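work_3.txt follows; it contains compact mmCIF, C-alpha atoms.
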# COMPACT_ATOMS: atom_id res chain seq x y z
CA MET A 24 11.05 -15.20 6.05
CA LYS A 25 13.95 -13.93 3.98
CA GLY A 26 11.73 -14.05 0.93
CA ILE A 27 9.23 -11.80 2.60
CA VAL A 28 11.93 -9.31 3.54
CA THR A 29 13.01 -9.23 -0.07
CA ALA A 30 9.41 -8.78 -1.12
CA LEU A 31 8.97 -5.80 1.20
CA ALA A 32 12.15 -4.21 -0.04
CA GLY A 33 10.92 -4.93 -3.56
CA VAL A 34 7.57 -3.29 -3.07
CA LEU A 35 9.04 -0.22 -1.47
CA LEU A 36 11.58 0.02 -4.27
CA LEU A 37 8.84 -0.30 -6.85
CA LEU A 38 6.70 2.21 -5.04
CA GLY A 39 9.63 4.55 -4.96
CA VAL A 40 10.27 4.30 -8.63
CA GLY A 41 6.52 4.61 -9.05
CA GLY A 42 6.69 8.03 -7.50
CA LYS A 43 8.31 9.25 -10.66
CA VAL A 44 5.42 7.83 -12.71
CA VAL A 45 7.43 5.98 -15.27
CA ALA A 46 5.97 6.81 -18.64
CA PRO A 47 7.20 6.90 -22.22
CA ALA A 48 10.21 9.16 -22.54
CA THR A 49 8.23 11.67 -24.54
CA ALA A 50 5.64 12.17 -21.81
CA ALA A 51 6.19 15.33 -19.85
CA THR A 52 5.69 13.97 -16.37
CA GLN A 53 6.27 16.65 -13.88
CA GLU A 54 6.87 15.92 -10.27
CA GLU A 55 6.10 18.89 -8.12
CA ALA A 56 7.03 19.73 -4.58
CA VAL A 57 6.29 17.34 -1.75
CA ALA A 58 2.66 17.46 -0.56
CA LYS A 59 3.69 17.89 3.02
CA THR A 60 1.32 16.57 5.63
CA ASN A 61 0.71 18.50 8.83
CA LEU A 62 0.34 15.24 10.73
CA LYS A 63 3.18 14.80 13.17
CA VAL A 64 4.52 12.41 15.75
CA GLY A 65 2.12 12.19 18.68
CA ASP A 66 -0.99 13.01 16.64
CA ALA A 67 -3.86 10.53 16.50
CA ALA A 68 -3.78 8.78 13.12
CA PRO A 69 -7.05 9.46 11.28
CA ASP A 70 -9.02 6.21 11.11
CA PHE A 71 -10.12 4.80 7.79
CA SER A 72 -11.82 1.78 6.24
CA LEU A 73 -10.73 0.76 2.75
CA LEU A 74 -11.16 -2.18 0.39
CA SER A 75 -8.15 -4.44 0.18
CA ASP A 76 -6.88 -6.26 -2.88
CA LYS A 77 -8.97 -9.20 -1.62
CA TRP A 78 -12.12 -7.02 -1.53
CA GLU A 79 -12.21 -7.00 2.24
CA GLN A 80 -12.78 -3.91 4.36
CA VAL A 81 -9.67 -3.12 6.35
CA LYS A 82 -9.92 -0.56 9.13
CA LEU A 83 -6.94 1.08 10.75
CA SER A 84 -8.73 0.80 14.10
CA ASP A 85 -8.90 -3.00 13.67
CA TYR A 86 -5.26 -3.00 14.75
CA ARG A 87 -5.78 -0.76 17.79
CA GLY A 88 -4.30 -2.39 20.87
CA LYS A 89 -2.91 -5.26 18.76
CA LYS A 90 -0.38 -4.18 16.18
CA ASN A 91 1.79 -1.29 15.14
CA VAL A 92 0.95 -0.35 11.57
CA ILE A 93 3.23 0.94 8.83
CA LEU A 94 1.18 2.87 6.30
CA ALA A 95 3.03 2.84 2.98
CA PHE A 96 1.36 5.26 0.57
CA TYR A 97 2.37 4.75 -3.04
CA VAL A 98 1.52 6.66 -6.16
CA LEU A 99 0.19 4.00 -8.55
CA ALA A 100 0.45 0.26 -9.00
CA PHE A 101 2.65 -1.01 -11.83
CA THR A 102 4.55 2.20 -12.25
CA GLY A 103 7.83 0.63 -11.24
CA GLY A 104 8.73 0.26 -14.92
CA MET B 30 9.52 -8.46 7.48
CA ALA B 31 10.53 -11.04 10.08
CA LYS B 32 11.70 -8.15 12.23
CA LEU B 33 8.30 -6.55 11.77
CA GLU B 34 6.39 -9.67 12.72
CA ALA B 35 8.56 -10.01 15.79
CA SER B 36 7.72 -6.46 16.76
CA ASP B 37 3.95 -6.86 16.31
CA THR B 38 3.84 -4.76 13.19
CA VAL B 39 1.77 -5.03 10.04
CA VAL B 40 2.23 -3.17 6.77
CA LEU B 41 -0.64 -1.65 4.78
CA GLY B 42 0.01 -0.33 1.30
CA ILE B 43 -2.38 2.42 0.17
CA SER B 44 -2.98 4.00 -3.24
CA ILE B 45 -5.84 5.17 -5.45
CA ASP B 46 -5.71 1.96 -7.51
CA SER B 47 -8.72 -0.35 -7.70
CA PRO B 48 -8.72 -3.60 -5.69
CA ALA B 49 -8.35 -5.54 -8.96
CA ALA B 50 -5.28 -3.53 -9.96
CA ASN B 51 -3.83 -3.93 -6.48
CA ALA B 52 -4.45 -7.69 -6.53
CA ALA B 53 -2.51 -8.02 -9.77
CA PHE B 54 0.20 -5.69 -8.44
CA ALA B 55 0.48 -7.71 -5.22
CA LYS B 56 0.87 -10.88 -7.24
CA GLN B 57 3.49 -9.34 -9.49
CA ILE B 58 5.67 -8.06 -6.68
CA GLY B 59 4.93 -10.93 -4.30
CA VAL B 60 3.71 -9.00 -1.27
CA THR B 61 1.62 -10.72 1.36
CA PHE B 62 0.36 -7.66 3.21
CA PRO B 63 -2.86 -5.90 2.15
CA LEU B 64 -2.84 -3.24 -0.56
CA LEU B 65 -5.75 -0.88 0.09
CA SER B 66 -7.74 1.14 -2.43
CA ASP B 67 -8.42 4.76 -1.60
CA MET B 68 -10.49 5.27 -4.72
CA ASN B 69 -12.38 8.21 -3.20
CA LYS B 70 -9.10 9.75 -2.03
CA GLU B 71 -10.68 10.23 1.38
CA VAL B 72 -7.70 8.87 3.25
CA LEU B 73 -5.20 10.76 1.12
CA THR B 74 -7.23 13.87 1.89
CA SER B 75 -7.45 13.24 5.63
CA TYR B 76 -3.71 12.50 5.72
CA GLN B 77 -3.08 15.62 3.61
CA ILE B 78 -0.93 13.85 1.07
CA LEU B 79 -2.84 14.36 -2.18
CA LYS B 80 -0.33 15.57 -4.69
CA PRO B 81 -0.91 17.06 -8.14
CA TYR B 82 0.71 15.22 -11.04
CA ASP B 83 0.82 16.45 -14.60
CA VAL B 84 0.89 13.62 -17.14
CA LYS B 85 0.76 14.44 -20.84
CA GLY B 86 -1.12 17.62 -20.14
CA GLY B 87 -3.65 15.94 -17.87
CA LYS B 88 -3.94 16.94 -14.24
CA TYR B 89 -4.25 14.21 -11.63
CA GLN B 90 -4.18 13.96 -7.88
CA TRP B 91 -2.52 10.88 -6.45
CA ALA B 92 -0.64 10.04 -3.31
CA GLN B 93 2.51 11.72 -2.21
CA ARG B 94 4.90 8.90 -1.44
CA THR B 95 4.69 8.72 2.35
CA THR B 96 5.45 6.27 5.14
CA ILE B 97 3.67 6.69 8.47
CA VAL B 98 4.08 4.48 11.52
CA VAL B 99 1.05 4.19 13.81
CA ASP B 100 1.50 2.58 17.21
CA LYS B 101 -0.93 0.29 19.00
CA GLN B 102 -2.61 3.26 20.64
CA GLY B 103 -3.38 4.78 17.24
CA LYS B 104 -0.74 7.50 17.67
CA ILE B 105 1.62 8.49 14.91
CA GLN B 106 5.23 7.61 15.72
CA HIS B 107 7.00 8.36 12.46
CA VAL B 108 6.35 10.39 9.31
CA GLU B 109 8.55 10.20 6.25
CA GLN B 110 7.82 11.70 2.84
CA GLY B 111 9.38 11.90 -0.58
CA ASP B 112 12.28 9.84 -1.84
CA SER B 113 13.53 8.82 1.61
CA ALA B 114 10.16 7.18 2.33
CA VAL B 115 11.12 4.47 -0.14
CA ASP B 116 13.70 3.10 2.25
CA PRO B 117 11.86 0.98 4.83
CA ASN B 118 14.73 0.87 7.29
CA SER B 119 13.85 3.88 9.40
CA ALA B 120 10.20 2.85 9.68
CA VAL B 121 11.28 -0.68 10.60
CA SER B 122 13.65 0.55 13.27
CA VAL B 123 10.87 2.71 14.73
CA CYS B 124 8.70 -0.39 15.03
CA THR B 125 11.37 -2.58 16.55
CA GLY B 126 12.04 0.32 18.93
CA LEU B 127 8.36 0.48 19.90
CA HIS B 128 8.47 -3.17 20.77
CA LYS B 129 11.42 -2.89 23.11
CA PRO B 130 10.70 -1.67 26.59
CA LYS B 131 12.09 1.80 27.11
CA ALA B 132 15.42 1.70 28.92
If you took the structure in this file and wrote it as structure tokens, what would it be?
Amino acid sequence: MKGIVTALAGVLLLLGVGGKVVAPATAATQEEAVAKTNLKVGDAAPDFSLLSDKWEQVKLSDYRGKKNVILAFYVLAFTGG
Amino acid sequence: MAKLEASDTVVLGISIDSPAANAAFAKQIGVTFPLLSDMNKEVLTSYQILKPYDVKGGKYQWAQRTTIVVDKQGKIQHVEQGDSAVDPNSAVSVCTGLHKPKA
């Protein structure tokens, strides 16, 4: 279990660094203001169905009544540098 | 993650990457939860978190780094954006809190 905790921390760390889009030092990568969502606590989360990394459709509503879901949006894979 | 499993919580990573890129990324960083591909940016649009990035003169729209907790009823319980969204602790504590009966 500890390994999984480390993995989660790792992914979030990578995703975080990814937010800065690590690129060659010469690249002018500009990070602009936060794209602030109007969604707020108490709102219904918009449902979606997306392909997973295993090419399976995953729907948010699949978890309805079963699990809480943490949605972790990240900028790009492999941008942790 | 053990805390999350104990509190009936799953994690879904979401980006505009392809499933193949996400599969390789998952392998590299050793995650076991699904990484989802929003290649059409429909979800980023419906969650209002498409953000313009300027890379070498090119304009792109990718995700704003965001963490959202959705409870079992499909209601949003937590929204965190920007640099602080990298730290999973507050989202985790929301989930463990959801699991505990309200005092």
(request) Go through A:Thr102, A:Thr60, A:Gln80, A:Ser72 one by one, measure the shortest atom-to-atom distance of each to chain B using all atoms listed in the file, and give the residue with the smallest value. (result)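 Of all the options, A:Thr60 lies closest to chain B.
Distance check against Gly65 (chain A) using all atoms listed in the file: of B:Leu64, B:Ile105, B:Ala49, B:Leu127, the minimum falls on B:Ile105.
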(message) To one decimal place in Å, what is the distance between CA of Lys63 (chain A) and CA of Gln106 (chain B)?
(response)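 CA of Gln106 (chain B) lies at a distance of 7.9 Å from CA of Lys63 (chain A).
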(message) For a quick check of understanding, using all atoms listed in the file, which of B:Ile43, B:Glu109, B:Ala53, B:Gly126 has the smallest distance to chain A?
(response)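 Smallest separation from chain A among the options: B:Ile43.
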(message) At a cut-off of 10 Å around the point (-9.8, 14.3, 11.2) (file coordinates), what residues fall inside when counting all atoms listed in the file? I'd like the answer as a PyMOL selection string.
(response) (chain A and resi 67-70) or (chain B and resi 72+74-76)
(message) Could you list, as a PyMOL selection string, every residue within 9 Å of region 32-41 of chain B, counting all atoms listed in the file and ignoring same-chain residues fewer than 5 positions away?
(response) (chain A and resi 28+86+89-96) or (chain B and resi 62-65+100+121-122+124-129)
(message) To one decimal place in Å, what is the distance between CA of Val57 (chain A) and CA of Gly111 (chain B)?
(response)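 Those two atoms sit 6.4 Å apart.
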(request) Determine the nearest neighbour of Thr96 (chain B) from the options A:Ala100, A:Leu74, A:Leu62, A:Val81, counting all atoms listed in the file. (result)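 Ranked by minimum distance to Thr96 (chain B), first place goes to A:Leu62.
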(request) Write out as a ChimeraX atom specification the residues lying within 9 Å of Gln110 (chain B), counting only C-alpha atoms and excluding same-chain residues fewer than 3 positions away. (result) /A:57-60 /B:93-97,113-115
(request) Select, counting only C-alpha atoms, all protein, DNA and RNA residues no farther than 7 Å from (-3.6, 14.5, -5.1) in file coordinates, and express the selection as a PyMOL selection string. (result) chain B and resi 78-81+89-92
Atoms to include: C-alpha atoms. Write the selected residues as a PDB file, in the coordinates of the input.
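Listing of result.pdb after writing:
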ATOM      1  CA  ILE B  78      -0.930  13.850   1.070  1.00  0.00           C
ATOM      2  CA  LEU B  79      -2.840  14.360  -2.180  1.00  0.00           C
ATOM      3  CA  LYS B  80      -0.330  15.570  -4.690  1.00  0.00           C
ATOM      4  CA  PRO B  81      -0.910  17.060  -8.140  1.00  0.00           C
ATOM      5  CA  TYR B  89      -4.250  14.210 -11.630  1.00  0.00           C
ATOM      6  CA  GLN B  90      -4.180  13.960  -7.880  1.00  0.00           C
ATOM      7  CA  TRP B  91      -2.520  10.880  -6.450  1.00  0.00           C
ATOM      8  CA  ALA B  92      -0.640  10.040  -3.310  1.00  0.00           C
TER       9      ALA B  92
END
(message) I'd like to know which of B:Gln77, B:Lys88, B:Val123, B:Gln57 is closest to chain A, using all atoms listed in the file.
(response)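 Counting all atoms listed in the file, the residue closest to chain A is B:Gln77.
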(message) Report, in Å to a single decimal, how far apart CA of Asn118 (chain B) and CA of Ser84 (chain A) are.
(response)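 One can read the CA of Ser84 (chain A) to CA of Asn118 (chain B) distance as 24.4 Å.
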